[in-house]
Structure formats: structure tokens, C-alpha cells
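The structure appears below as C-alpha cells.
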Amino acid sequence: MKHLWHTNPIQNSEVGILPRMEPGEVWLVGAGPGDPGLLTTAGFHLLTNADVVVHDRLGCEEILELISPQIKRVDVGKLPGGSRDAQEEIHRLLLHEARNGRKVVRLKGGDPFVFGRGMEEIQFLQTHGITAHVVPGVTSAFAGPASAGIPVTHRTLAQGVQMWTGHTREGAVGDLQSPPKTRIFLMAMGSLGRIVEELLEEGLSPTTPCAIVSHATTYRQRSIVSTLNGVVESVRENGITNPAIFLVGDVASFAQEKEPAPVYVVTGTRLPPLAGIALPGAKFLSRPLVEMAALSGECRDASMARLADILSRDWLIFNNPWAVRHFMGLLLMSGRDSRAIRPRLAVVGEETAFALQKFSLMADQVIVEGNREEICRKLAGMIASGSAAMATALGYNGGVGSSLGGHIDLELFPVYQVVERKPGNVDWSYCRGIVFSSPRAVDRFARAWPSAPVGNLEAVCIGDSTVRAAGEHGFMITRNLTESLPQETGRMEVSATQDIAS
């Protein structure tokens, strides 16, 4: 039986050997414990190349923010947990999508083969003639304790590990004279009292160290350290709920009970570099409200027809990385490559300059990002009497383009389109603030989350106009990241990211 991805056809990529998806196949992908950084490279590759993603609720929330909204998603986490009817419905759904020739990813929290029903799904699909594969994931049973500073094994304190779900506890104590082991219970909050009672009845000491890690590796993570005779009360006092890991053993004494990092929501498609520097130690929660997509149909054809004229200009301006990537996409689609670019190149921001370098192109001028007026002054001074084109989003008629057009011969050239997307859920009680890159970003936020407690959240903004927009939408606390930017032109070590193209 073939089900491990490395036994199947492979393809090369920049990051090594990755699985190749075929229409009509199903791939079971382990999402890991919840942190997108713990998703495997193979898993990410499959998710971004799938036609449809059938996903669970737990452990998948942040992962889903990584994939395009154009990929079909089916949430089966809302089905009654664990029931036979629910699992059969998932089977039928996977079979239906595969038989319709789609590339299907079944995204499961943690690892598909650790207290999941991955093998049941594999066997059902194979019985019905569907090829199914597995990409293992990082199990929360080990990642959860590690995220709280707890090793599940230790040379002297724990020479083995035993795992149960909260529903099965037989043999959880075992031979107390054998080498010490760490005992791990997943999803145990609903039966914590009974588990503790049975452990004590079977001989474990009431002072045995234990720990609870809730929502491990996510922005909601909370952990407590206690002993068997006090853990139930500690859980009640701290309001700990599932998903949570209950760990019993001496290694629990290594737990690091530290103040949670402040959480900031990022509504753009990337974190502004200056925000990462200005908010040291913060955790950033990605909730993009837009996607920068390639042009299609008549819009793409219209830009292709203008390409020759654009390449005859004296200057070509890019003010974000997407403009670079999609301009080069149009160029390649036209049968040209970077050798066809005759204009001098001006970019706004280091990230944009790096995007050019990926195509073996160096910017003639790099301008640190900041407020619109300063960017326009520098660009107008560089271009002077020459002609210029600026790669923009479809329908763009504001920001730098409109201001700069009054000073120089400038043509706006659409190379991509901005597509709004529905954001994932956010528990605002865990968040300190929002990072905004433009006034439009503030407006999108207000439409997406009209009931967000803006009076208690900090608006971290790029530019004066963004600060004003945040104030108009009710934010009582604002911070302008561009106030500390250097004013010189040239290559900069640090830049903000203003979403002036969208």
C-alpha cells in the first residue's frame, strides 16, 4: 500500500523535492498544531496547488490564511465531532471531489495518523479506486509541550512517553517501578477531573508535577503548571478550555509561565518591515483582506497591447513587490524577458528592490517608503523632464500616481488586480492592536469587522493619512510608524510598507 508522499512521483523546486499532485488524487496533509510556521514545506506546496481543500476546525485556522481564496474550501469541522455519520459524510465528499477530477487536499489538524481518522479515510478512498497519499504533520502532543518549554523526554526524568485522548485512560499509570514516563492526554479538559482521580487512585503522588497547554503554538496559547491535587482548580480559575494538552510527569517543572506576547493583526498581504522593528517581541496574526491577483481576460490583453509603449519610457516605477512580480509575468507572457527593459528603474522600499533582484535586475534608485508627499517629491526630482510609467493595480487612481502625475509625464500601467477576500475569525480579547498600511486598509477593516472593539485596540499606521482614517473609525490609540523614517534617498536598511498601489 502506497501512502507516503516520498514514494510517489516527485518534482524539483526551489526548496527541494516536493510531491506532484495529479487530478483525481487525494492528499491527507497534517496541518500541525496551529502555527503556520510548523506546516511542512510539502504540505504548503500541496495546499497552494490544490483545487479543493477539505479541512478540520482545530489546527487549521491560521493555515487557511496562507492559501488563495480562489481555492475551494470545505469546512467539515462543524460536523458533529466523532460521529459515524459525520465521518461517512467526509468520505463521500472526498470521493465526490476526486471523481470529478479535482486535486484534493484533506487538511487535518496535527498529524493525520495520530488520534485522527486518517487511515480510515485512506482505506475508504483506496477501496473506491482513488489514489490517496499522506504528508505527515507535527503532532500537538509534542509541539504543545515544547512551545511551553517542556521536553516530553529527559535523560533522567522521563525515559518514555505515553499518549491518550481524553476519552481513553486505561493503563495510564502502568508499572510505577518502571523507568519514569511522561503521560500526555489530548482534548482532556472535559474529563480532567476523572483522569486526575483515576491517576491518584492508581498510585501517582498528589504532588506529581503536571501542566496544561491550551491552544498550543497559536496566538491564544496559555499554559499553567500545577500538581495533580491542584490542577483541576487551576484550570477552573484560569478558564482553560479545549483544545488543550494535559501533561503529567516531572518534566512539567520545566514549563515557562511567561507573559504572553502582545498580538497585532496584520490586514495586508505582508507585514510592513518597519512594524516588525517597531514592535519587538510582538506576535503578528495574518488576516489579509485583499489578494494581489494576475490580470485576466480583456484587462490582461489591454495591458499586453500597451507593453511596447511602456518599455519605451525613460523610467519605470514600482512601488511594491506585487507590481514587480506581475509586470514580469506580463513581460514573459509577451515573449520577452528582462533584456527588453530599457527604462531606468525606480522603486519604493527595500522589499520592492529585493523583488527586482529575483529577476536579476538592480534598481537605479531606491526610495525609503513613507508619506505620499515625500515619495512624490523624491520621484519628481529624479525623473525631472523625462517620461515615466508606474506599474499599478487595475483601477488605481490615487496615492502617489495621482500626485506625481501633476509634476511629470507619467503613465499608469495596470499589471495586477486587487481582489477582496473574506478574513478568518479573530478573538479580539487576545489582541492589542492592528497594523494598517493605508487609509483603504482601515476602511476594509471597518467593513470586515464592524463590531471590533476599536476603542481598546491600537492602530499602528503607515503615514499621516492612515492615522487620520483610523481616528475617524473610532481608534483612540494610534501610532505613526513613518515619523521616525530617514529622509534620504538611496538604498535604505529599513523601510515601511505603504499599500499605496491598492
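Ordering of the C-alpha cells sets the chain letters (A, B, ...), residue numbers begin anew at 1 in every chain, and ligands are numbered from 1 in the order given.
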
Test item: residues at most 7 Å from A:Leu295, only C-alpha atoms, excluding those fewer than 6 positions along its chain, as a PDB file with C-alpha atoms, in the first residue's frame:
```pdb
ATOM      1  CA  VAL A 415      -0.313  44.851 -14.119  1.00  0.00           C
ATOM      2  CA  TYR A 416      -2.432  43.200 -11.388  1.00  0.00           C
ATOM      3  CA  GLN A 417      -5.815  43.453  -9.712  1.00  0.00           C
TER       4      GLN A 417
END
```

Step one, run DSSP on the backbone; step two, keep only residues of stretch 91-244 of chain A assigned to helix (DSSP H, G or I); then write them as a ChimeraX atom specification.
-> /A:91-99,118-127,140-147,189-201,231-238

Write out as a VMD selection string all residues of stretch 289-377 of chain A that DSSP puts in strand (DSSP E or B) for this structure's backbone.
-> chain A and resid 290 to 294 315 to 318 344 to 348 365 to 367

Choose the residue, out of A:Asn480, A:Asn319, A:Thr267, A:Thr48, that has the smallest atom-to-atom separation from A:Arg440; count only C-alpha atoms.
-> A:Thr267

Do you know which residues are at most 12 Å from A:Asp309 counting only C-alpha atoms, after dropping those on the same chain fewer than 2 positions away, and could you put them as a VMD selection string?
-> chain A and resid 303 to 307 311 to 316 340 to 343 387 to 389 411 to 413

Export of the given selection (N, CA and C atoms) as a PDB file, in the first residue's frame:
```pdb
ATOM      1  N   SER A 303      -3.413  45.476 -21.312  1.00  0.00           N
ATOM      2  CA  SER A 303      -2.075  45.813 -20.804  1.00  0.00           C
ATOM      3  C   SER A 303      -0.989  45.242 -21.696  1.00  0.00           C
ATOM      4  N   MET A 304      -1.217  44.045 -22.208  1.00  0.00           N
ATOM      5  CA  MET A 304      -0.230  43.451 -23.113  1.00  0.00           C
ATOM      6  C   MET A 304      -0.037  44.322 -24.354  1.00  0.00           C
ATOM      7  N   ALA A 305      -1.149  44.902 -24.844  1.00  0.00           N
ATOM      8  CA  ALA A 305      -1.074  45.735 -26.045  1.00  0.00           C
ATOM      9  C   ALA A 305      -0.295  47.021 -25.797  1.00  0.00           C
ATOM     10  N   ARG A 306      -0.252  47.482 -24.554  1.00  0.00           N
ATOM     11  CA  ARG A 306       0.447  48.732 -24.220  1.00  0.00           C
ATOM     12  C   ARG A 306       1.900  48.501 -23.832  1.00  0.00           C
ATOM     13  N   LEU A 307       2.313  47.263 -23.723  1.00  0.00           N
ATOM     14  CA  LEU A 307       3.624  46.944 -23.160  1.00  0.00           C
ATOM     15  C   LEU A 307       4.776  47.574 -23.940  1.00  0.00           C
ATOM     16  N   LEU A 311       7.706  50.139 -22.396  1.00  0.00           N
ATOM     17  CA  LEU A 311       9.134  49.833 -22.424  1.00  0.00           C
ATOM     18  C   LEU A 311       9.953  50.904 -23.149  1.00  0.00           C
ATOM     19  N   SER A 312       9.273  51.838 -23.788  1.00  0.00           N
ATOM     20  CA  SER A 312       9.990  52.928 -24.463  1.00  0.00           C
ATOM     21  C   SER A 312      10.161  54.155 -23.575  1.00  0.00           C
ATOM     22  N   ARG A 313       9.611  54.112 -22.368  1.00  0.00           N
ATOM     23  CA  ARG A 313       9.702  55.254 -21.451  1.00  0.00           C
ATOM     24  C   ARG A 313      11.107  55.377 -20.871  1.00  0.00           C
ATOM     25  N   ASP A 314      11.377  56.557 -20.272  1.00  0.00           N
ATOM     26  CA  ASP A 314      12.691  56.792 -19.668  1.00  0.00           C
ATOM     27  C   ASP A 314      12.819  56.107 -18.305  1.00  0.00           C
ATOM     28  N   TRP A 315      11.695  56.081 -17.560  1.00  0.00           N
ATOM     29  CA  TRP A 315      11.709  55.498 -16.216  1.00  0.00           C
ATOM     30  C   TRP A 315      10.544  54.534 -16.060  1.00  0.00           C
ATOM     31  N   LEU A 316      10.781  53.492 -15.263  1.00  0.00           N
ATOM     32  CA  LEU A 316       9.730  52.552 -14.888  1.00  0.00           C
ATOM     33  C   LEU A 316       9.711  52.499 -13.360  1.00  0.00           C
ATOM     34  N   ALA A 340      14.481  43.092 -22.400  1.00  0.00           N
ATOM     35  CA  ALA A 340      13.652  44.064 -23.116  1.00  0.00           C
ATOM     36  C   ALA A 340      13.425  45.338 -22.313  1.00  0.00           C
ATOM     37  N   ILE A 341      13.840  45.356 -21.046  1.00  0.00           N
ATOM     38  CA  ILE A 341      13.584  46.517 -20.193  1.00  0.00           C
ATOM     39  C   ILE A 341      14.663  47.568 -20.431  1.00  0.00           C
ATOM     40  N   ARG A 342      14.291  48.648 -21.111  1.00  0.00           N
ATOM     41  CA  ARG A 342      15.214  49.745 -21.397  1.00  0.00           C
ATOM     42  C   ARG A 342      15.121  50.895 -20.397  1.00  0.00           C
ATOM     43  N   PRO A 343      13.953  51.178 -19.817  1.00  0.00           N
ATOM     44  CA  PRO A 343      13.865  52.318 -18.893  1.00  0.00           C
ATOM     45  C   PRO A 343      14.744  52.116 -17.664  1.00  0.00           C
ATOM     46  N   SER A 387      10.113  60.937 -19.288  1.00  0.00           N
ATOM     47  CA  SER A 387       8.806  60.271 -19.247  1.00  0.00           C
ATOM     48  C   SER A 387       8.912  59.040 -18.355  1.00  0.00           C
ATOM     49  N   ALA A 388       7.790  58.680 -17.739  1.00  0.00           N
ATOM     50  CA  ALA A 388       7.806  57.561 -16.795  1.00  0.00           C
ATOM     51  C   ALA A 388       6.508  56.773 -16.887  1.00  0.00           C
ATOM     52  N   ALA A 389       6.583  55.516 -16.488  1.00  0.00           N
ATOM     53  CA  ALA A 389       5.401  54.663 -16.327  1.00  0.00           C
ATOM     54  C   ALA A 389       5.479  54.033 -14.948  1.00  0.00           C
ATOM     55  N   GLU A 411       2.594  57.722 -16.979  1.00  0.00           N
ATOM     56  CA  GLU A 411       1.515  56.847 -17.437  1.00  0.00           C
ATOM     57  C   GLU A 411       1.357  55.714 -16.434  1.00  0.00           C
ATOM     58  N   LEU A 412       0.097  55.509 -15.997  1.00  0.00           N
ATOM     59  CA  LEU A 412      -0.193  54.412 -15.083  1.00  0.00           C
ATOM     60  C   LEU A 412      -0.457  53.149 -15.886  1.00  0.00           C
ATOM     61  N   PHE A 413       0.196  52.068 -15.487  1.00  0.00           N
ATOM     62  CA  PHE A 413       0.146  50.833 -16.266  1.00  0.00           C
ATOM     63  C   PHE A 413      -0.339  49.685 -15.385  1.00  0.00           C
TER      64      PHE A 413
END
```

By how many Å are atom CA of A:Ser68 and atom CA of A:Pro36 apart?
->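 The value is 14.8 Å.
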
Counting only C-alpha atoms, which of A:Phe359, A:Trp322, A:Phe475, A:Tyr264 gets nearest to A:Gly433?
-> A:Tyr264

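Of note, atom CA of A:Cys60 and atom CA of A:Ala355 are spaced 29.5 Å apart.
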
Polymer residues at most 9 Å from A:Val26, only C-alpha atoms, same-chain spacing of 4 or more positions, as a CSV table (one decimal) with N, CA and C atoms, in the first residue's frame:
```csv
chain,number,residue,atom,x,y,z
A,21,MET,N,1.1,16.8,-7.5
A,21,MET,CA,-0.4,16.5,-7.5
A,21,MET,C,-0.9,16.1,-8.8
A,22,GLU,N,-1.8,15.1,-8.9
A,22,GLU,CA,-2.4,14.7,-10.1
A,22,GLU,C,-4.0,14.9,-9.9
A,94,LEU,N,-14.9,13.5,-0.1
A,94,LEU,CA,-13.6,13.3,-0.7
A,94,LEU,C,-13.8,12.5,-2.0
A,95,LEU,N,-14.6,11.5,-2.0
A,95,LEU,CA,-14.8,10.7,-3.1
A,95,LEU,C,-15.4,11.5,-4.3
A,97,GLU,N,-15.3,14.8,-4.9
A,97,GLU,CA,-14.3,15.7,-5.4
A,97,GLU,C,-13.3,15.1,-6.3
A,98,ALA,N,-12.8,13.9,-5.8
A,98,ALA,CA,-11.7,13.2,-6.5
A,98,ALA,C,-12.3,12.7,-7.9
A,102,ARG,N,-10.7,16.6,-9.5
A,102,ARG,CA,-10.0,17.7,-8.8
A,102,ARG,C,-8.8,17.2,-8.0
A,103,LYS,N,-7.9,18.1,-7.8
A,103,LYS,CA,-6.7,17.8,-6.9
A,103,LYS,C,-7.2,18.2,-5.5
A,104,VAL,N,-7.3,17.2,-4.6
A,104,VAL,CA,-7.9,17.3,-3.3
A,104,VAL,C,-6.9,17.2,-2.2
A,105,VAL,N,-6.9,18.2,-1.3
A,105,VAL,CA,-6.2,18.1,-0.1
A,105,VAL,C,-7.1,18.0,1.1
A,106,ARG,N,-6.9,17.0,1.9
A,106,ARG,CA,-7.7,16.8,3.1
A,106,ARG,C,-6.8,17.3,4.2
A,122,ILE,N,-8.0,7.0,4.2
A,122,ILE,CA,-7.2,6.4,3.2
A,122,ILE,C,-7.8,5.0,2.7
A,125,LEU,N,-11.0,5.5,0.5
A,125,LEU,CA,-10.7,6.0,-0.9
A,125,LEU,C,-10.1,4.9,-1.7
A,130,ILE,N,-9.6,5.3,-5.6
A,130,ILE,CA,-9.0,6.6,-5.6
A,130,ILE,C,-7.6,6.5,-5.0
A,131,THR,N,-6.6,7.1,-5.6
A,131,THR,CA,-5.2,7.1,-5.1
A,131,THR,C,-5.1,8.2,-4.0
A,132,ALA,N,-4.6,7.7,-2.8
A,132,ALA,CA,-4.6,8.6,-1.7
A,132,ALA,C,-3.2,8.6,-1.1
A,133,HIS,N,-2.7,9.7,-0.6
A,133,HIS,CA,-1.3,9.8,0.0
A,133,HIS,C,-1.4,10.6,1.3
A,134,VAL,N,-0.3,10.5,2.0
A,134,VAL,CA,-0.2,11.2,3.3
A,134,VAL,C,1.0,12.0,3.4
```

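From atom CA of A:Pro272 back to atom CA of A:Val53, the distance works out to 29.0 Å.
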
What lies within 8 Å of A:Ala42 using only C-alpha atoms, ignoring chain neighbours under 2 positions off, as number ranges by chain?
-> A: 18-19, 40, 44-46, 135

Quick one: residues within 7 Å of A:Ser226, only C-alpha atoms, excluding same-chain residues fewer than 4 positions away - as an mmCIF file with N, CA and C atoms, in the first residue's frame?
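The result, stored in selection-v9.cif:
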```
data_model
loop_
_atom_site.group_PDB
_atom_site.id
_atom_site.type_symbol
_atom_site.label_atom_id
_atom_site.label_comp_id
_atom_site.auth_asym_id
_atom_site.auth_seq_id
_atom_site.Cartn_x
_atom_site.Cartn_y
_atom_site.Cartn_z
ATOM 1 N N PRO A 209 4.138 16.671 39.447
ATOM 2 C CA PRO A 209 4.016 17.881 38.615
ATOM 3 C C PRO A 209 3.176 17.600 37.367
ATOM 4 N N CYS A 210 2.436 18.582 36.934
ATOM 5 C CA CYS A 210 1.675 18.469 35.698
ATOM 6 C C CYS A 210 1.509 19.858 35.079
ATOM 7 N N ALA A 211 1.122 19.891 33.832
ATOM 8 C CA ALA A 211 0.960 21.165 33.129
ATOM 9 C C ALA A 211 -0.184 21.053 32.140
ATOM 10 N N GLY A 230 -3.937 19.820 42.522
ATOM 11 C CA GLY A 230 -4.371 21.207 42.391
ATOM 12 C C GLY A 230 -4.719 21.627 40.976
ATOM 13 N N VAL A 231 -4.528 20.737 40.007
ATOM 14 C CA VAL A 231 -4.661 21.145 38.611
ATOM 15 C C VAL A 231 -6.100 21.451 38.214
#
```

Fewer than 5 positions away in the same chain doesn't count, so skip those; otherwise give me all residues within 10 Å of A:Ala275, counting only C-alpha atoms, as a count of residues only.
-> 16

Of the listed residues A:Ala393, A:Leu107, A:Leu228, A:Leu247, that which approaches A:Trp164 most closely, counting only C-alpha atoms = A:Leu247
